[in-house]
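Student: Sending over query_5.cif (mmCIF, C-alpha atoms).
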data_data
loop_
_atom_site.group_PDB
_atom_site.id
_atom_site.type_symbol
_atom_site.label_atom_id
_atom_site.label_comp_id
_atom_site.auth_asym_id
_atom_site.auth_seq_id
_atom_site.Cartn_x
_atom_site.Cartn_y
_atom_site.Cartn_z
ATOM 1 C CA MET A 1 143.421 77.651 134.809
ATOM 2 C CA GLN A 2 145.453 78.997 131.873
ATOM 3 C CA PHE A 3 143.693 76.496 129.605
ATOM 4 C CA LEU A 4 140.257 77.689 130.764
ATOM 5 C CA TYR A 5 141.283 81.335 130.435
ATOM 6 C CA ALA A 6 142.327 80.683 126.837
ATOM 7 C CA LEU A 7 138.959 79.055 126.112
ATOM 8 C CA ARG A 8 137.036 81.958 127.675
ATOM 9 C CA SER A 9 139.048 84.448 125.635
ATOM 10 C CA LYS A 10 137.861 82.680 122.462
ATOM 11 C CA GLY A 11 134.187 82.866 123.509
ATOM 12 C CA VAL A 12 133.651 79.598 125.385
ATOM 13 C CA THR A 13 131.720 80.859 128.406
ATOM 14 C CA ASP A 14 129.255 78.051 129.258
ATOM 15 C CA ARG A 15 130.193 76.818 132.727
ATOM 16 C CA ARG A 16 129.168 73.194 132.102
ATOM 17 C CA VAL A 17 131.209 73.063 128.897
ATOM 18 C CA LEU A 18 134.270 74.562 130.585
ATOM 19 C CA THR A 19 133.970 72.077 133.471
ATOM 20 C CA ALA A 20 133.667 69.134 131.066
ATOM 21 C CA MET A 21 136.710 70.285 129.109
ATOM 22 C CA GLU A 22 138.690 70.742 132.312
ATOM 23 C CA ARG A 23 137.958 67.104 133.238
ATOM 24 C CA ILE A 24 139.263 65.669 129.937
ATOM 25 C CA ASP A 25 143.021 65.841 129.363
ATOM 26 C CA ARG A 26 143.685 66.447 125.656
ATOM 27 C CA ALA A 27 147.121 64.872 126.065
ATOM 28 C CA LEU A 28 145.487 61.426 126.261
ATOM 29 C CA PHE A 29 144.258 61.809 122.676
ATOM 30 C CA VAL A 30 147.436 62.952 120.899
ATOM 31 C CA ARG A 31 150.436 60.708 120.284
ATOM 32 C CA GLY A 32 153.762 60.969 118.506
ATOM 33 C CA ILE A 33 155.677 64.038 117.396
ATOM 34 C CA PHE A 34 152.848 66.479 118.087
ATOM 35 C CA ALA A 35 152.371 65.453 121.725
ATOM 36 C CA ASP A 36 154.427 68.418 122.951
ATOM 37 C CA ARG A 37 151.943 70.832 121.347
ATOM 38 C CA VAL A 38 148.861 69.247 122.848
ATOM 39 C CA TYR A 39 147.944 72.232 125.041
ATOM 40 C CA GLU A 40 148.203 74.776 122.241
ATOM 41 C CA ASP A 41 144.998 76.042 120.645
ATOM 42 C CA MET A 42 145.564 74.386 117.290
ATOM 43 C CA PRO A 43 144.386 71.327 115.366
ATOM 44 C CA LEU A 44 146.842 68.413 115.307
ATOM 45 C CA PRO A 45 147.173 65.346 113.029
ATOM 46 C CA ILE A 46 146.020 62.035 114.544
ATOM 47 C CA GLY A 47 146.499 59.658 111.618
ATOM 48 C CA ALA A 48 144.292 58.422 108.758
ATOM 49 C CA GLY A 49 144.442 61.942 107.338
ATOM 50 C CA GLN A 50 142.313 63.215 110.234
ATOM 51 C CA THR A 51 142.892 65.841 112.917
ATOM 52 C CA ILE A 52 141.957 66.577 116.496
ATOM 53 C CA SER A 53 140.251 69.981 116.465
ATOM 54 C CA GLN A 54 141.676 72.937 118.331
ATOM 55 C CA PRO A 55 140.247 73.169 121.867
ATOM 56 C CA SER A 56 138.535 76.526 121.306
ATOM 57 C CA VAL A 57 136.596 75.130 118.329
ATOM 58 C CA VAL A 58 135.661 72.008 120.315
ATOM 59 C CA GLY A 59 134.418 74.289 123.090
ATOM 60 C CA LEU A 60 132.454 76.560 120.764
ATOM 61 C CA MET A 61 130.820 73.638 118.954
ATOM 62 C CA THR A 62 129.914 71.958 122.244
ATOM 63 C CA GLN A 63 128.522 75.227 123.579
ATOM 64 C CA ALA A 64 126.463 75.770 120.408
ATOM 65 C CA LEU A 65 124.988 72.277 120.768
ATOM 66 C CA GLN A 66 123.374 73.205 124.110
ATOM 67 C CA VAL A 67 123.580 69.669 125.510
ATOM 68 C CA GLU A 68 121.507 68.868 128.586
ATOM 69 C CA ASP A 69 121.997 65.953 130.946
ATOM 70 C CA ARG A 70 118.986 63.984 129.648
ATOM 71 C CA HIS A 71 120.003 64.201 125.991
ATOM 72 C CA LYS A 72 120.995 61.423 123.616
ATOM 73 C CA VAL A 73 123.743 62.688 121.309
ATOM 74 C CA LEU A 74 125.127 61.418 118.002
ATOM 75 C CA GLU A 75 128.633 62.467 117.009
ATOM 76 C CA VAL A 76 129.668 61.897 113.394
ATOM 77 C CA GLY A 77 133.451 61.663 113.205
ATOM 78 C CA THR A 78 134.917 60.062 116.327
ATOM 79 C CA GLY A 79 138.479 60.925 115.335
ATOM 80 C CA SER A 80 140.659 60.866 118.437
ATOM 81 C CA GLY A 81 137.637 60.549 120.756
ATOM 82 C CA TYR A 82 138.321 63.883 122.473
ATOM 83 C CA GLN A 83 135.009 65.498 121.536
ATOM 84 C CA ALA A 84 132.951 62.434 122.511
ATOM 85 C CA ALA A 85 134.715 62.269 125.881
ATOM 86 C CA ILE A 86 133.707 65.866 126.598
ATOM 87 C CA LEU A 87 130.127 65.243 125.465
ATOM 88 C CA SER A 88 129.919 62.254 127.814
ATOM 89 C CA HIS A 89 130.188 64.634 130.782
ATOM 90 C CA LEU A 90 127.196 66.622 129.516
ATOM 91 C CA ALA A 91 124.742 64.098 128.017
ATOM 92 C CA ARG A 92 122.874 60.982 129.128
ATOM 93 C CA ARG A 93 124.213 58.926 126.213
ATOM 94 C CA VAL A 94 126.714 59.536 123.406
ATOM 95 C CA TYR A 95 126.873 57.517 120.202
ATOM 96 C CA THR A 96 129.922 58.240 118.073
ATOM 97 C CA VAL A 97 130.721 56.835 114.630
ATOM 98 C CA ASP A 98 133.756 56.994 112.357
ATOM 99 C CA ARG A 99 134.659 55.455 109.003
ATOM 100 C CA TYR A 100 138.150 54.472 110.188
ATOM 101 C CA ARG A 101 138.322 51.270 112.218
ATOM 102 C CA ARG A 102 141.719 52.106 113.723
ATOM 103 C CA LEU A 103 140.538 55.451 115.069
ATOM 104 C CA VAL A 104 137.435 53.886 116.633
ATOM 105 C CA SER A 105 139.548 51.133 118.213
ATOM 106 C CA GLU A 106 142.020 53.626 119.700
ATOM 107 C CA ALA A 107 139.238 55.894 120.960
ATOM 108 C CA LYS A 108 137.426 52.950 122.572
ATOM 109 C CA ALA A 109 140.583 52.040 124.480
ATOM 110 C CA ILE A 110 140.788 55.564 125.894
ATOM 111 C CA PHE A 111 137.075 55.591 126.802
ATOM 112 C CA GLU A 112 137.527 52.311 128.687
ATOM 113 C CA ALA A 113 140.652 53.559 130.472
ATOM 114 C CA LEU A 114 138.745 56.679 131.602
ATOM 115 C CA ASP A 115 135.657 54.609 132.532
ATOM 116 C CA LEU A 116 133.448 56.657 130.195
ATOM 117 C CA GLY A 117 130.609 54.165 130.069
ATOM 118 C CA LYS A 118 128.099 56.538 128.500
ATOM 119 C CA ILE A 119 129.843 56.366 125.112
ATOM 120 C CA THR A 120 129.099 53.816 122.398
ATOM 121 C CA ALA A 121 131.677 54.012 119.583
ATOM 122 C CA MET A 122 131.351 52.112 116.324
ATOM 123 C CA VAL A 123 132.581 51.938 112.755
ATOM 124 C CA ALA A 124 129.921 53.294 110.395
ATOM 125 C CA ASP A 125 129.350 55.645 107.474
ATOM 126 C CA GLY A 126 128.475 58.836 109.311
ATOM 127 C CA CYS A 127 126.738 60.341 106.281
ATOM 128 C CA PHE A 128 123.848 58.002 107.071
ATOM 129 C CA GLY A 129 123.882 58.539 110.822
ATOM 130 C CA LEU A 130 122.691 55.762 113.094
ATOM 131 C CA PRO A 131 119.028 55.108 112.216
ATOM 132 C CA GLU A 132 118.635 52.226 114.659
ATOM 133 C CA GLN A 133 119.230 54.635 117.573
ATOM 134 C CA ALA A 134 117.310 57.616 116.194
ATOM 135 C CA PRO A 135 115.870 60.052 116.966
ATOM 136 C CA PHE A 136 118.622 62.081 118.641
ATOM 137 C CA ASP A 137 118.268 65.183 120.780
ATOM 138 C CA ARG A 138 121.588 66.526 119.515
ATOM 139 C CA ILE A 139 123.845 65.715 116.538
ATOM 140 C CA LEU A 140 127.398 66.994 116.159
ATOM 141 C CA VAL A 141 129.298 66.553 112.893
ATOM 142 C CA THR A 142 133.058 67.054 113.002
ATOM 143 C CA ALA A 143 133.702 67.000 109.241
ATOM 144 C CA ALA A 144 132.497 69.410 106.575
ATOM 145 C CA ALA A 145 129.621 68.576 104.246
ATOM 146 C CA GLU A 146 128.496 70.731 101.320
ATOM 147 C CA ASP A 147 125.000 70.654 102.825
ATOM 148 C CA PRO A 148 123.581 69.118 106.008
ATOM 149 C CA PRO A 149 123.086 65.417 105.103
ATOM 150 C CA GLY A 150 119.424 64.482 104.713
ATOM 151 C CA PRO A 151 119.669 61.261 106.768
ATOM 152 C CA LEU A 152 121.088 63.228 109.714
ATOM 153 C CA LEU A 153 118.363 65.853 109.518
ATOM 154 C CA ALA A 154 115.793 63.048 109.489
ATOM 155 C CA GLN A 155 117.297 61.537 112.660
ATOM 156 C CA LEU A 156 117.026 64.790 114.629
ATOM 157 C CA ARG A 157 114.161 64.960 117.100
ATOM 158 C CA VAL A 158 111.720 67.874 116.828
ATOM 159 C CA GLY A 159 113.236 70.533 119.073
ATOM 160 C CA GLY A 160 116.654 68.983 118.505
ATOM 161 C CA ILE A 161 119.839 70.757 117.429
ATOM 162 C CA MET A 162 122.574 69.773 114.988
ATOM 163 C CA VAL A 163 125.888 71.633 114.760
ATOM 164 C CA LEU A 164 128.145 71.062 111.759
ATOM 165 C CA PRO A 165 130.573 72.762 109.374
ATOM 166 C CA VAL A 166 129.320 73.232 105.819
ATOM 167 C CA GLY A 167 131.122 74.293 102.675
ATOM 168 C CA GLN A 168 133.697 73.170 100.134
ATOM 169 C CA SER A 169 136.673 71.362 101.674
ATOM 170 C CA ASP A 170 139.183 73.637 99.911
ATOM 171 C CA ALA A 171 137.492 76.899 100.912
ATOM 172 C CA VAL A 172 136.393 78.610 104.089
ATOM 173 C CA GLN A 173 133.550 76.739 105.678
ATOM 174 C CA SER A 174 130.837 77.972 108.015
ATOM 175 C CA LEU A 175 129.847 76.411 111.307
ATOM 176 C CA ILE A 176 126.063 76.279 111.389
ATOM 177 C CA ARG A 177 123.415 75.322 113.909
ATOM 178 C CA VAL A 178 120.279 73.598 112.634
ATOM 179 C CA THR A 179 117.209 73.460 114.872
ATOM 180 C CA ARG A 180 114.344 71.141 113.950
ATOM 181 C CA THR A 181 110.920 72.673 114.484
ATOM 182 C CA ASP A 182 107.390 71.421 113.879
ATOM 183 C CA ALA A 183 107.441 73.399 110.631
ATOM 184 C CA GLY A 184 110.867 72.327 109.361
ATOM 185 C CA PHE A 185 114.440 73.434 110.013
ATOM 186 C CA ASP A 186 115.931 76.741 111.125
ATOM 187 C CA TYR A 187 119.526 77.500 110.119
ATOM 188 C CA GLU A 188 121.919 79.813 111.957
ATOM 189 C CA GLU A 189 125.432 80.657 110.804
ATOM 190 C CA LEU A 190 127.879 80.819 113.716
ATOM 191 C CA ARG A 191 131.451 81.400 112.504
ATOM 192 C CA PRO A 192 134.002 80.496 109.818
ATOM 193 C CA VAL A 193 135.879 77.213 110.396
ATOM 194 C CA ARG A 194 138.025 74.705 108.520
ATOM 195 C CA PHE A 195 137.449 70.945 108.851
ATOM 196 C CA VAL A 196 138.377 67.820 106.916
ATOM 197 C CA PRO A 197 135.637 66.831 104.440
ATOM 198 C CA LEU A 198 132.798 64.472 105.302
ATOM 199 C CA VAL A 199 133.315 61.425 103.070
ATOM 200 C CA GLU A 200 130.835 58.652 102.295
ATOM 201 C CA GLY A 201 131.770 55.009 102.806
ATOM 202 C CA LEU A 202 134.164 53.266 105.173
ATOM 203 C CA GLY A 203 137.890 53.970 105.283
ATOM 204 C CA ASP A 204 140.821 51.591 105.250
#
Just dump the structure as C-alpha cells.
Tutor:
Amino acid sequence: MQFLYALRSKGVTDRRVLTAMERIDRALFVRGIFADRVYEDMPLPIGAGQTISQPSVVGLMTQALQVEDRHKVLEVGTGSGYQAAILSHLARRVYTVDRYRRLVSEAKAIFEALDLGKITAMVADGCFGLPEQAPFDRILVTAAAEDPPGPLLAQLRVGGIMVLPVGQSDAVQSLIRVTRTDAGFDYEELRPVRFVPLVEGLGD
C-alpha cells in the first residue's frame, strides 16, 4: 500500500496502471549492490550502461500511453524488462526490443519465470522499430531521442499513441505524447525527465 500511495502522490492515478504495477515486483528486475534500494522512487543501474526507471516515471509513462486490453504495444528499450512486464497486464500483446543481447536474455528469463506469455522480446535496433509487426496501437520509447524517430512514427496506427522522452542526452529532456491522426501527428509535452540516449545499432 505504501508503494501505491507513493505512486499516487506523484500523479499516477489510473486504477488499471496502479493494479498492474502492484502485480509486478520491481525487486525481480534489480540485482547486485542496488537491490536494497529497489523500492525507492529512483532510477537504478542494471548493467550495459542502462538503468531501470524510477517507478513514478514508469507509472506516468504507462498512464500517458492509455493502453487498452485489445492493444498491440511496441516498447523500444527492454532494459530490465520491468516496463514490459507491467504493459503485459494492460495490453493484448507486447513486443519489446533492445540493442543489448544480455539485457534481452535476462528479461526473457524473468518473463518466463512469471509466465508472462504476452511478451515477445528480441534483440533489434529500436530506432527502426519492428516493421514486420506494424502497425502498433501504442509505442513506448524508454530512451531519449532528439526527435521522434521517423520509422516509429510510421509504424503507429492512425489513432495510436506514442510516448517518449525527447531532447539532448546531457540536458533536461521532455516527455511527450504523440497521437497519430488522419491529418498527421499531434504533439503534447507532459513533463521534464532524464533518460539514457536512444542509440542506433546493436550493442555489445
Student: If you measure from CA of Phe34 in chain A to CA of Ile52 in chain A, what distance in Å do you get, rounded to one decimal?
Tutor: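 Going from CA of Phe34 in chain A over to CA of Ile52 in chain A, I get 11.0 Å.
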Student: Where does the PyMOL selection byres ((chain A and resi 91) around 9) land in this file, that is, which residues does it pick, as a list in words?
Tutor: Val67, Glu68, Asp69, Arg70, His71, Lys72, Val73, Leu87, Ser88, His89, Leu90, Arg92, Arg93, Val94 and Lys118 of chain A
Student: Do you have the CA of Asp98 in chain A-CA of Asp36 in chain A distance handy?
Tutor: 25.9 Å
Student: Just so the selection is clear, what residues does the PyMOL selection byres ((chain A and resi 43) around 8) cover here, as a ChimeraX atom specification?
Tutor: /A:41-42,44-45,51-55
Student: Report as a PyMOL selection string the full result of the PyMOL selection byres ((chain A and resi 138) around 10) when it is applied to this structure.
Tutor: chain A and resi 65-68+71-75+91+94+135-137+139-140+155-157+159-163+178-179
Student: Just the number, please: distance in Å from CA of Arg191 in chain A to CA of Leu18 in chain A, one decimal.
Tutor: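 About the pair CA of Arg191 in chain A and CA of Leu18 in chain A: they are 19.5 Å apart.
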Student: Take the point (138.9, 57.2, 116.8) as written in the file and pick out every residue within 9 Å of it, counting all atoms listed in the file; give the list as a VMD selection string.
Tutor: chain A and resid 46 77 to 82 97 to 98 100 to 108 121
Student: Return the single residue from A:Val76, A:Phe111, A:Ser56, A:Arg99 that is closest to Ser9 in chain A, with distances computed using only C-alpha atoms.
Tutor: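 Residue with the minimum atom-to-atom distance to Ser9 in chain A: A:Ser56.
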